[in-house]
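Structure data follow from data.csv (CSV, C-alpha atoms and all ligand atoms):
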```
chain,number,residue,atom,x,y,z
A,44,MET,CA,-138.5,-424.9,162.5
A,45,ARG,CA,-141.7,-426.6,163.7
A,46,ILE,CA,-143.7,-427.7,160.7
A,47,VAL,CA,-147.4,-428.4,160.5
A,48,ASP,CA,-148.9,-430.5,157.8
A,49,LEU,CA,-152.7,-430.4,157.5
A,50,HIS,CA,-153.2,-433.5,155.3
A,51,ALA,CA,-151.4,-436.8,154.8
A,52,ASP,CA,-153.4,-440.0,153.8
A,53,VAL,CA,-151.5,-442.5,155.9
A,54,ILE,CA,-154.7,-444.0,157.3
A,55,CYS,CA,-156.0,-444.6,153.7
A,56,LYS,CA,-152.7,-446.4,152.9
A,57,LEU,CA,-153.1,-448.5,156.1
A,58,LEU,CA,-156.6,-449.5,154.9
A,59,GLU,CA,-155.3,-450.4,151.5
A,60,HIS,CA,-152.3,-452.4,152.7
A,61,PRO,CA,-153.5,-454.3,155.8
A,62,GLY,CA,-150.2,-456.1,156.3
A,63,ALA,CA,-148.0,-453.1,156.1
A,64,GLY,CA,-146.5,-451.7,159.3
A,65,TRP,CA,-146.2,-448.0,159.4
A,66,ASP,CA,-142.7,-448.1,161.0
A,67,ASP,CA,-141.4,-451.3,159.3
A,68,SER,CA,-137.9,-451.1,157.9
A,69,ASN,CA,-139.3,-451.0,154.4
A,70,ALA,CA,-142.3,-448.7,155.2
A,71,GLY,CA,-140.8,-446.1,152.9
A,72,THR,CA,-141.7,-448.2,149.9
A,73,VAL,CA,-145.5,-448.2,150.8
A,74,PHE,CA,-145.9,-444.8,152.6
A,75,ASP,CA,-144.7,-441.3,151.8
A,76,ALA,CA,-145.1,-440.2,155.4
A,77,THR,CA,-143.3,-442.6,157.7
A,78,PRO,CA,-142.5,-441.8,161.3
A,79,GLU,CA,-138.8,-441.5,160.4
A,80,ARG,CA,-139.5,-439.0,157.6
A,81,LEU,CA,-141.9,-437.0,159.7
A,82,ARG,CA,-139.0,-436.6,162.2
A,83,GLN,CA,-136.5,-435.9,159.5
A,84,GLY,CA,-138.7,-433.2,158.1
A,85,GLY,CA,-139.2,-431.5,161.4
A,86,ILE,CA,-142.9,-432.1,161.6
A,87,GLY,CA,-144.4,-430.9,164.9
A,88,LEU,CA,-148.0,-431.5,164.0
A,89,GLN,CA,-149.5,-433.9,161.4
A,90,VAL,CA,-153.2,-434.2,160.6
A,91,PHE,CA,-154.3,-437.7,159.7
A,92,PRO,CA,-157.6,-437.8,157.8
A,93,ILE,CA,-159.8,-440.8,157.6
A,94,PHE,CA,-160.5,-441.3,153.9
A,95,LEU,CA,-162.1,-444.6,152.9
A,96,PRO,CA,-160.6,-446.1,149.7
A,97,GLU,CA,-163.0,-447.5,147.2
A,98,THR,CA,-162.6,-451.0,148.6
A,99,GLN,CA,-164.3,-449.9,151.8
A,100,ARG,CA,-168.1,-449.5,152.1
A,101,GLU,CA,-169.1,-446.0,153.2
A,102,GLU,CA,-170.6,-447.0,156.5
A,103,PRO,CA,-169.9,-446.4,160.2
A,104,GLU,CA,-168.1,-449.7,160.6
A,105,SER,CA,-165.5,-448.7,158.0
A,106,VAL,CA,-165.0,-445.3,159.6
A,107,PHE,CA,-164.5,-446.8,163.1
A,108,TRP,CA,-162.1,-449.4,161.7
A,109,ALA,CA,-160.1,-446.5,160.2
A,110,ALA,CA,-160.3,-444.6,163.5
A,111,GLU,CA,-159.0,-447.6,165.4
A,112,LEU,CA,-156.1,-447.9,162.9
A,113,PHE,CA,-155.2,-444.4,163.8
A,114,TRP,CA,-155.0,-445.4,167.5
A,115,HIS,CA,-153.4,-448.8,166.9
A,116,GLU,CA,-150.9,-448.0,164.1
A,117,ILE,CA,-150.1,-444.4,164.6
A,118,LEU,CA,-150.6,-443.2,168.2
A,119,THR,CA,-148.8,-446.3,169.6
A,120,LYS,CA,-145.6,-445.3,167.9
A,121,LYS,CA,-142.9,-443.7,170.1
A,122,GLY,CA,-142.8,-439.9,170.0
A,123,PHE,CA,-146.4,-439.3,168.9
A,124,LYS,CA,-149.1,-437.6,170.9
A,125,LEU,CA,-152.8,-437.3,170.2
A,126,ILE,CA,-154.0,-433.7,169.9
A,127,ARG,CA,-157.5,-433.1,171.2
A,128,SER,CA,-157.1,-429.7,172.8
A,129,SER,CA,-155.0,-426.6,172.8
A,130,GLY,CA,-153.3,-427.9,176.0
A,131,ASP,CA,-152.3,-431.1,174.1
A,132,LEU,CA,-150.5,-428.9,171.5
A,133,ALA,CA,-148.5,-427.2,174.2
A,134,THR,CA,-147.6,-430.5,175.9
A,135,ALA,CA,-146.6,-432.2,172.7
A,136,HIS,CA,-144.3,-429.2,171.9
A,137,ARG,CA,-142.8,-429.2,175.4
A,138,GLU,CA,-142.2,-433.0,175.2
A,139,GLY,CA,-140.7,-432.8,171.7
A,140,LYS,CA,-143.4,-435.1,170.4
A,141,ILE,CA,-145.1,-435.1,167.0
A,142,GLY,CA,-148.8,-434.1,167.5
A,143,ALA,CA,-151.3,-436.3,165.7
A,144,MET,CA,-154.7,-434.9,164.9
A,145,LEU,CA,-157.6,-437.0,163.6
A,146,SER,CA,-159.7,-435.6,160.7
A,147,LEU,CA,-162.5,-437.0,158.6
A,148,GLU,CA,-162.3,-436.5,154.8
A,149,SER,CA,-166.0,-437.0,153.7
A,150,ALA,CA,-168.8,-437.6,156.2
A,151,GLY,CA,-170.3,-440.2,153.7
A,152,GLY,CA,-169.6,-443.1,156.1
A,153,LEU,CA,-171.7,-441.4,158.9
A,154,GLN,CA,-174.8,-442.1,156.8
A,155,GLY,CA,-176.4,-439.0,158.4
A,156,GLN,CA,-176.2,-440.4,161.9
A,157,MET,CA,-175.0,-437.8,164.5
A,158,TRP,CA,-174.3,-440.4,167.2
A,159,VAL,CA,-171.5,-441.6,164.9
A,160,LEU,CA,-170.0,-438.1,164.8
A,161,ARG,CA,-170.3,-437.8,168.6
A,162,LEU,CA,-168.6,-441.1,169.1
A,163,LEU,CA,-165.8,-440.1,166.7
A,164,TYR,CA,-165.4,-436.9,168.7
A,165,ARG,CA,-164.8,-439.1,171.8
A,166,LEU,CA,-162.1,-440.9,169.7
A,167,GLY,CA,-160.3,-437.7,169.1
A,168,LEU,CA,-161.9,-436.3,165.9
A,169,ARG,CA,-161.5,-432.6,165.7
A,170,LEU,CA,-161.6,-431.8,162.0
A,171,LEU,CA,-164.1,-432.7,159.3
A,172,GLY,CA,-164.6,-432.1,155.6
A,173,PRO,CA,-168.3,-432.7,154.8
A,174,THR,CA,-167.6,-434.4,151.5
A,175,TRP,CA,-164.9,-435.5,149.1
A,176,ASN,CA,-165.0,-434.7,145.3
A,177,HIS,CA,-168.5,-436.0,144.7
A,178,ALA,CA,-171.9,-435.5,146.3
A,179,ASN,CA,-172.9,-437.4,149.5
A,180,TRP,CA,-175.8,-437.0,151.9
A,181,ALA,CA,-174.3,-433.9,153.4
A,182,CYS,CA,-173.0,-431.8,150.5
A,183,ASP,CA,-171.7,-431.7,146.9
A,184,GLY,CA,-168.0,-431.8,146.3
A,185,ALA,CA,-165.8,-429.7,144.0
A,186,MET,CA,-165.9,-432.1,141.1
A,187,GLU,CA,-169.7,-432.8,141.2
A,188,PRO,CA,-171.0,-431.5,137.8
A,189,ARG,CA,-174.4,-430.2,139.1
A,190,GLY,CA,-172.6,-427.9,141.6
A,191,GLY,CA,-175.1,-428.2,144.5
A,192,GLY,CA,-174.5,-427.1,148.1
A,193,PHE,CA,-175.4,-428.5,151.5
A,194,THR,CA,-178.5,-430.6,152.1
A,195,LYS,CA,-180.6,-430.0,155.2
A,196,ALA,CA,-178.9,-432.9,156.9
A,197,GLY,CA,-175.5,-431.5,155.9
A,198,LYS,CA,-176.4,-428.2,157.6
A,199,ARG,CA,-177.3,-430.1,160.7
A,200,LEU,CA,-173.9,-431.8,160.5
A,201,VAL,CA,-172.1,-428.4,160.4
A,202,THR,CA,-174.2,-427.3,163.4
A,203,GLU,CA,-173.3,-430.5,165.3
A,204,CYS,CA,-169.6,-430.0,164.5
A,205,GLU,CA,-169.7,-426.4,165.8
A,206,THR,CA,-171.5,-427.6,169.0
A,207,LEU,CA,-169.0,-430.4,169.6
A,208,GLY,CA,-165.9,-428.3,168.7
A,209,ILE,CA,-165.0,-430.0,165.4
A,210,LEU,CA,-163.6,-427.5,162.8
A,211,VAL,CA,-165.0,-427.7,159.3
A,212,ASP,CA,-162.6,-428.2,156.3
A,213,VAL,CA,-163.7,-426.6,153.1
A,214,SER,CA,-161.0,-428.1,150.8
A,215,HIS,CA,-163.2,-430.5,148.8
A,216,LEU,CA,-166.5,-428.5,148.9
A,217,SER,CA,-168.3,-427.3,145.8
A,218,ASP,CA,-168.2,-423.5,145.3
A,219,ARG,CA,-171.8,-423.3,146.4
A,220,GLY,CA,-171.1,-425.5,149.5
A,221,PHE,CA,-168.2,-423.2,150.3
A,222,TRP,CA,-170.3,-420.1,150.3
A,223,GLU,CA,-173.2,-421.6,152.2
A,224,LEU,CA,-170.7,-422.6,154.9
A,225,ALA,CA,-168.9,-419.3,154.8
A,226,GLU,CA,-172.1,-417.4,155.2
A,227,ARG,CA,-173.5,-419.4,158.1
A,228,ALA,CA,-170.4,-420.7,160.0
A,229,GLY,CA,-170.5,-419.7,163.6
A,230,ARG,CA,-166.8,-420.7,163.9
A,231,PRO,CA,-163.8,-420.2,161.7
A,232,PHE,CA,-163.3,-422.8,159.0
A,233,PHE,CA,-160.2,-423.8,157.1
A,234,ALA,CA,-158.9,-425.4,153.9
A,235,SER,CA,-156.6,-428.3,154.6
A,236,HIS,CA,-155.2,-428.9,151.2
A,237,SER,CA,-156.1,-426.4,148.4
A,238,ASN,CA,-154.2,-423.9,146.2
A,239,ALA,CA,-155.1,-420.7,144.5
A,240,ARG,CA,-157.4,-421.0,141.5
A,241,SER,CA,-156.2,-417.9,139.8
A,242,VAL,CA,-152.7,-419.4,139.7
A,243,VAL,CA,-153.8,-422.9,138.5
A,244,ASN,CA,-157.4,-423.1,137.3
A,245,HIS,CA,-158.7,-426.3,139.0
A,246,PRO,CA,-162.0,-426.7,140.8
A,247,ARG,CA,-160.1,-428.0,143.8
A,248,ASN,CA,-158.3,-424.7,144.2
A,249,LEU,CA,-159.8,-421.7,145.9
A,250,THR,CA,-160.9,-418.5,144.1
A,251,ASP,CA,-159.5,-415.2,145.3
A,252,ASP,CA,-162.9,-414.4,146.9
A,253,GLN,CA,-162.8,-417.7,148.7
A,254,ILE,CA,-159.2,-417.1,149.9
A,255,ARG,CA,-160.3,-413.7,151.2
A,256,ALA,CA,-163.3,-415.3,153.0
A,257,VAL,CA,-161.1,-417.8,154.8
A,258,ILE,CA,-158.8,-415.0,155.8
A,259,ALA,CA,-161.7,-412.8,157.0
A,260,ALA,CA,-163.0,-415.7,159.1
A,261,GLY,CA,-159.6,-416.2,160.7
A,262,GLY,CA,-159.1,-419.5,159.0
A,263,ILE,CA,-156.0,-421.1,157.5
A,264,ILE,CA,-155.2,-422.5,154.0
A,265,GLY,CA,-153.0,-425.5,153.6
A,266,VAL,CA,-151.1,-425.0,150.4
A,267,THR,CA,-150.9,-428.4,148.9
A,268,PHE,CA,-148.2,-430.4,147.0
A,269,VAL,CA,-150.7,-432.2,144.6
A,270,PRO,CA,-148.7,-431.6,141.4
A,271,TRP,CA,-151.8,-430.9,139.2
A,272,PHE,CA,-153.1,-428.3,141.7
A,273,ALA,CA,-149.7,-426.7,142.0
A,274,ALA,CA,-148.9,-426.4,138.3
A,275,SER,CA,-150.8,-426.4,135.0
A,276,VAL,CA,-148.0,-428.5,133.4
A,277,GLU,CA,-146.2,-431.3,135.1
A,278,PRO,CA,-143.7,-432.0,136.5
A,279,ALA,CA,-144.4,-429.4,139.2
A,280,SER,CA,-141.6,-427.7,141.0
A,281,ILE,CA,-141.1,-426.1,144.4
A,282,GLU,CA,-141.2,-422.8,142.5
A,283,ASP,CA,-144.7,-423.7,141.4
A,284,VAL,CA,-145.8,-424.3,145.0
A,285,LEU,CA,-144.3,-420.9,146.0
A,286,ARG,CA,-146.4,-419.1,143.4
A,287,HIS,CA,-149.5,-420.1,145.4
A,288,VAL,CA,-147.9,-419.0,148.6
A,289,GLU,CA,-147.0,-415.7,147.0
A,290,HIS,CA,-150.5,-415.2,145.6
A,291,ILE,CA,-152.2,-415.9,149.0
A,292,CYS,CA,-149.7,-413.5,150.6
A,293,ALA,CA,-150.6,-410.8,148.0
A,294,LEU,CA,-154.3,-411.2,149.1
A,295,GLY,CA,-153.3,-410.5,152.7
A,296,GLY,CA,-152.9,-414.1,153.8
A,297,ALA,CA,-149.3,-414.3,155.1
A,298,ARG,CA,-150.7,-415.1,158.6
A,299,HIS,CA,-153.2,-417.6,157.2
A,300,ILE,CA,-151.0,-419.9,155.1
A,301,ALA,CA,-150.0,-423.4,156.2
A,302,PHE,CA,-149.1,-426.6,154.3
A,303,GLY,CA,-151.4,-429.6,153.5
A,304,SER,CA,-149.1,-431.9,151.6
A,305,ASP,CA,-151.6,-434.7,150.6
A,306,PHE,CA,-148.6,-437.1,150.9
A,307,ASP,CA,-149.9,-440.7,150.6
A,308,GLY,CA,-152.9,-439.4,148.8
A,309,ILE,CA,-151.1,-438.7,145.5
A,310,SER,CA,-149.4,-441.0,143.0
A,311,ARG,CA,-147.0,-438.3,141.6
A,312,HIS,CA,-145.1,-435.7,143.5
A,313,VAL,CA,-143.8,-432.1,143.1
A,314,GLU,CA,-140.1,-432.4,142.3
A,315,HIS,CA,-137.9,-432.5,145.4
A,316,LEU,CA,-141.0,-432.8,147.6
A,317,ASN,CA,-141.5,-436.6,147.5
A,318,HIS,CA,-142.2,-437.1,151.2
A,319,PRO,CA,-142.1,-435.2,154.5
A,320,GLY,CA,-138.4,-435.7,154.8
A,321,CYS,CA,-138.1,-433.2,151.9
A,322,TYR,CA,-139.7,-430.3,153.9
A,323,PRO,CA,-136.2,-428.7,154.4
A,324,ASN,CA,-136.0,-428.2,150.6
A,325,LEU,CA,-139.2,-426.2,150.7
A,326,ILE,CA,-138.2,-424.2,153.8
A,327,GLU,CA,-134.8,-423.4,152.1
A,328,ALA,CA,-136.7,-422.0,149.1
A,329,LEU,CA,-139.0,-420.0,151.3
A,330,LEU,CA,-136.1,-418.5,153.2
A,331,LYS,CA,-134.6,-417.2,150.0
A,332,ARG,CA,-137.8,-415.1,149.5
A,333,TYR,CA,-139.2,-414.2,152.9
A,334,PRO,CA,-137.8,-413.2,156.3
A,335,GLU,CA,-137.4,-416.0,158.8
A,336,SER,CA,-140.4,-414.9,160.9
A,337,ILE,CA,-142.8,-415.2,158.0
A,338,VAL,CA,-141.4,-418.6,157.0
A,339,GLN,CA,-141.9,-419.8,160.5
A,340,ASP,CA,-145.5,-418.5,160.4
A,341,ILE,CA,-146.2,-420.4,157.1
A,342,ALA,CA,-144.3,-423.5,158.1
A,343,GLY,CA,-146.3,-424.0,161.3
A,344,ASP,CA,-147.0,-421.1,163.5
A,345,ASN,CA,-150.1,-419.9,161.7
A,346,ALA,CA,-151.6,-423.3,162.0
A,347,ILE,CA,-150.5,-423.7,165.7
A,348,ARG,CA,-152.1,-420.3,166.4
A,349,PHE,CA,-155.3,-421.3,164.7
A,350,PHE,CA,-155.6,-424.6,166.5
A,351,THR,CA,-154.6,-423.2,169.9
A,352,LYS,CA,-157.3,-420.6,169.6
A,353,HIS,CA,-160.1,-422.9,168.3
A,354,LEU,CA,-159.6,-426.4,169.7
A,355,PRO,CA,-161.4,-427.1,173.0
A,356,ASN,CA,-159.2,-426.2,176.0
A,401,ZN,ZN,-158.3,-434.7,149.5
```

Could you render the structure as structure tokens?
Amino acid sequence: MRIVDLHADVICKLLEHPGAGWDDSNAGTVFDATPERLRQGGIGLQVFPIFLPETQREEPESVFWAAELFWHEILTKKGFKLIRSSGDLATAHREGKIGAMLSLESAGGLQGQMWVLRLLYRLGLRLLGPTWNHANWACDGAMEPRGGGFTKAGKRLVTECETLGILVDVSHLSDRGFWELAERAGRPFFASHSNARSVVNHPRNLTDDQIRAVIAAGGIIGVTFVPWFAASVEPASIEDVLRHVEHICALGGARHIAFGSDFDGISRHVEHLNHPGCYPNLIEALLKRYPESIVQDIAGDNAIRFFTKHLPN
């Protein structure tokens, strides 16, 4: 089964641990998602977001350093292929390689400069979340108390993304930001790592109306393994993750569900989902509930279909 994961913070860990090699023999003590575990888990496509840890200044230099780490530490590893186009997806699949997509989680470091975005596009950036949990120059995030939406500059950012062919990720947006984007987006958008708010009431999770809006726009939702988004009481279990899958299915989203683990971005894990090598546990649980074709859709085909359709050719 070809699995797609829309969010693992390997780049952030690389920034935090400058000496750590991603495929060192002890890499598993630093990283959740190591090359070996991605292979073990059957990952066909992994999204690698640039997220700057607090130790990094939010400026273009930091963003480019992170982008270079993606090239230097990830793309150089055997069996990985950069995905910039729908053609790349097909090639990676044919060659049995793990596709690696570059995303930006918060445009804060761009400091409002579109040339930075255009240069990142040339470096392979194809996905972008305008902000993280808080406000930046572009938009307010889901945890920002004032609950604002996009700034004028933030709206220009979205337009520039659409022009370039960068897909916008709504996962961390404030509710107001979400709806501003949903109402104006010329292209489908997606949520890389969010669950259903009516299952677990957390501002990082999507309301039923938001889930319906992503579905109506032809987008995808990466159900996430962040324990406190998956369950109201920890420890969270695979059954808890499945409740979000079931809820999105009930809203008509069976062809719009994917996974966005947030591995390497979390300090605690859903039980039996500690790293990508554990994906078979989740697939096994899904197969007990759903026919194989639906499980394959959720595990990867929905996301592959979305990217094949919306990435540049
Ligand atoms: Zn995140």

Excluding range 301-318 of chain A and any residue of its chain fewer than 5 positions from it, enumerate the residues within 8 Å of it, using all atoms listed in the file, and give them as a ChimeraX atom specification. /A:47-53,55-56,74-76,80,235-237,263-270,278-281,324-325,340-343,345-346

Neighbouring residues of His353 in chain A were defined as those with any atom within 12 Å, considering all atoms listed in the file; residues of the same chain fewer than 3 positions away were excluded. Please report them as a tab-separated table (two decimals) with C-alpha atoms, in the frame of the given file.
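Done, and the output landed in result-v1.tsv:
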```
chain	number	residue	atom	x	y	z
A	127	ARG	CA	-157.50	-433.10	171.20
A	128	SER	CA	-157.10	-429.70	172.80
A	129	SER	CA	-155.00	-426.60	172.80
A	130	GLY	CA	-153.30	-427.90	176.00
A	132	LEU	CA	-150.50	-428.90	171.50
A	169	ARG	CA	-161.50	-432.60	165.70
A	170	LEU	CA	-161.60	-431.80	162.00
A	205	GLU	CA	-169.70	-426.40	165.80
A	207	LEU	CA	-169.00	-430.40	169.60
A	208	GLY	CA	-165.90	-428.30	168.70
A	209	ILE	CA	-165.00	-430.00	165.40
A	210	LEU	CA	-163.60	-427.50	162.80
A	211	VAL	CA	-165.00	-427.70	159.30
A	229	GLY	CA	-170.50	-419.70	163.60
A	230	ARG	CA	-166.80	-420.70	163.90
A	231	PRO	CA	-163.80	-420.20	161.70
A	232	PHE	CA	-163.30	-422.80	159.00
A	233	PHE	CA	-160.20	-423.80	157.10
A	261	GLY	CA	-159.60	-416.20	160.70
A	262	GLY	CA	-159.10	-419.50	159.00
A	263	ILE	CA	-156.00	-421.10	157.50
A	346	ALA	CA	-151.60	-423.30	162.00
A	347	ILE	CA	-150.50	-423.70	165.70
A	348	ARG	CA	-152.10	-420.30	166.40
A	349	PHE	CA	-155.30	-421.30	164.70
A	350	PHE	CA	-155.60	-424.60	166.50
A	356	ASN	CA	-159.20	-426.20	176.00
```

Exercise: range 97-112 of chain A partners within 12 Å, only C-alpha atoms, chain neighbours under 2 positions left out, as a ChimeraX atom specification: /A:52-61,63-65,91-95,114-120,144-160,162-168,174,179-180

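Using all atoms listed in the file for every distance, the candidate list A:Ala133, A:Ile258, A:Val213, A:Leu200 yields A:Val213 as the residue closest to ligand ZN 401 (chain A).
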
Measuring atom to atom with all atoms listed in the file, identify which of A:Arg255, A:His215, A:Lys331, A:Arg227 is nearest to ligand ZN 401 (chain A).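 Of all the options, A:His215 lies closest to ligand ZN 401 (chain A).
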
CA of Ile254 in chain A and CA of Thr194 in chain A, how far apart in Å? 23.7 Å

Which of these, A:Ala234, A:Ala274, A:Ile326, A:Ala260, has the shortest distance to ligand ZN 401 (chain A) once you count all atoms listed in the file?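 The closest residue to ligand ZN 401 (chain A) is A:Ala234.
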
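You can rank A:Gly220, A:Lys121, A:Thr206, A:Gly197 by their closest distance to Gly184 in chain A using all atoms listed in the file, and at the top of that list sits A:Gly220.
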
Pick the closest to ligand ZN 401 (chain A) from A:Ala143, A:Ala178, A:Ala185, A:Ile46: which is it, counting only C-alpha atoms and all ligand atoms?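 Checking each candidate against ligand ZN 401 (chain A), we get A:Ala185 as the closest.
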
Just the residues within 10 Å of Cys182 in chain A, please, counting all atoms listed in the file, with nothing from its chain fewer than 5 positions along; format it as a list in words. Ser149, Ala150, Gly151, Gly172, Pro173, Thr174, Trp175, Asn176, His177, Glu187, Gly190, Gly191, Gly192, Phe193, Thr194, Lys195, Ala196, Gly197, Lys198, Leu216, Ser217, Arg219, Gly220 and Phe221 of chain A

How big is the axis-aligned box, and where does its centre sit, when it encloses all atoms of range 213-219 of chain A listed in the file and has 5 Å added on every side, reported in Å to one decimal as JSON?
```
{"center_x": -166.4, "center_y": -426.9, "center_z": 149.2, "size_x": 20.8, "size_y": 17.2, "size_z": 17.8}
```

For Ile291 in chain A, list every protein, DNA or RNA residue within 10 Å, evaluated using only C-alpha atoms, and leave out those in the same chain fewer than 4 positions away; present the list as a PyMOL selection string. chain A and resi 238-239+242+251+254-255+258+264+266+285-287+295-300

Looking at only C-alpha atoms and all ligand atoms, which of A:Thr72, A:Pro96, A:Gly62, A:Gly84 is the one that sits closest to ligand ZN 401 (chain A)?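 The answer is A:Pro96, which sits nearest to ligand ZN 401 (chain A).
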
Rounded to one decimal place, report the CA of Gly122 in chain A-CA of Pro78 in chain A distance in Å.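 If I compute the distance from CA of Gly122 in chain A to CA of Pro78 in chain A, I get 8.9 Å.
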
Interatomic distance, CA of Val276 in chain A to CA of Pro334 in chain A (Å, one decimal): 29.4 Å

Taking the structure I provided as the source, export range 327-342 of chain A with N, CA and C atoms, as a tab-separated table (two decimals), in the first residue's frame.
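Dumped everything to selection-v9.tsv:
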```tsv
chain	number	residue	atom	x	y	z
A	327	GLU	N	-3.74	-1.70	9.30
A	327	GLU	CA	-4.42	-2.92	9.76
A	327	GLU	C	-5.75	-2.57	10.43
A	328	ALA	N	-5.73	-1.52	11.26
A	328	ALA	CA	-6.96	-1.10	11.95
A	328	ALA	C	-7.99	-0.58	10.95
A	329	LEU	N	-7.54	0.14	9.93
A	329	LEU	CA	-8.46	0.64	8.90
A	329	LEU	C	-9.09	-0.51	8.13
A	330	LEU	N	-8.27	-1.53	7.83
A	330	LEU	CA	-8.77	-2.66	7.03
A	330	LEU	C	-9.83	-3.46	7.77
A	331	LYS	N	-9.85	-3.33	9.10
A	331	LYS	CA	-10.90	-4.03	9.87
A	331	LYS	C	-12.25	-3.33	9.70
A	332	ARG	N	-12.23	-2.08	9.28
A	332	ARG	CA	-13.47	-1.28	9.20
A	332	ARG	C	-13.93	-0.99	7.79
A	333	TYR	N	-12.95	-0.84	6.87
A	333	TYR	CA	-13.29	-0.36	5.52
A	333	TYR	C	-12.78	-1.33	4.46
A	334	PRO	N	-13.44	-1.33	3.29
A	334	PRO	CA	-12.93	-2.14	2.19
A	334	PRO	C	-11.54	-1.66	1.76
A	335	GLU	N	-10.78	-2.55	1.18
A	335	GLU	CA	-9.39	-2.25	0.83
A	335	GLU	C	-9.27	-1.03	-0.08
A	336	SER	N	-10.22	-0.87	-1.00
A	336	SER	CA	-10.10	0.25	-1.95
A	336	SER	C	-10.21	1.59	-1.21
A	337	ILE	N	-11.06	1.66	-0.21
A	337	ILE	CA	-11.20	2.90	0.56
A	337	ILE	C	-9.96	3.13	1.42
A	338	VAL	N	-9.42	2.06	1.99
A	338	VAL	CA	-8.20	2.20	2.79
A	338	VAL	C	-7.05	2.71	1.91
A	339	GLN	N	-6.97	2.18	0.70
A	339	GLN	CA	-5.90	2.65	-0.21
A	339	GLN	C	-6.09	4.14	-0.56
A	340	ASP	N	-7.36	4.53	-0.74
A	340	ASP	CA	-7.64	5.96	-0.99
A	340	ASP	C	-7.13	6.82	0.17
A	341	ILE	N	-7.50	6.43	1.38
A	341	ILE	CA	-7.14	7.21	2.57
A	341	ILE	C	-5.64	7.19	2.80
A	342	ALA	N	-5.04	6.02	2.64
A	342	ALA	CA	-3.61	5.88	2.92
A	342	ALA	C	-2.75	6.69	1.96
```
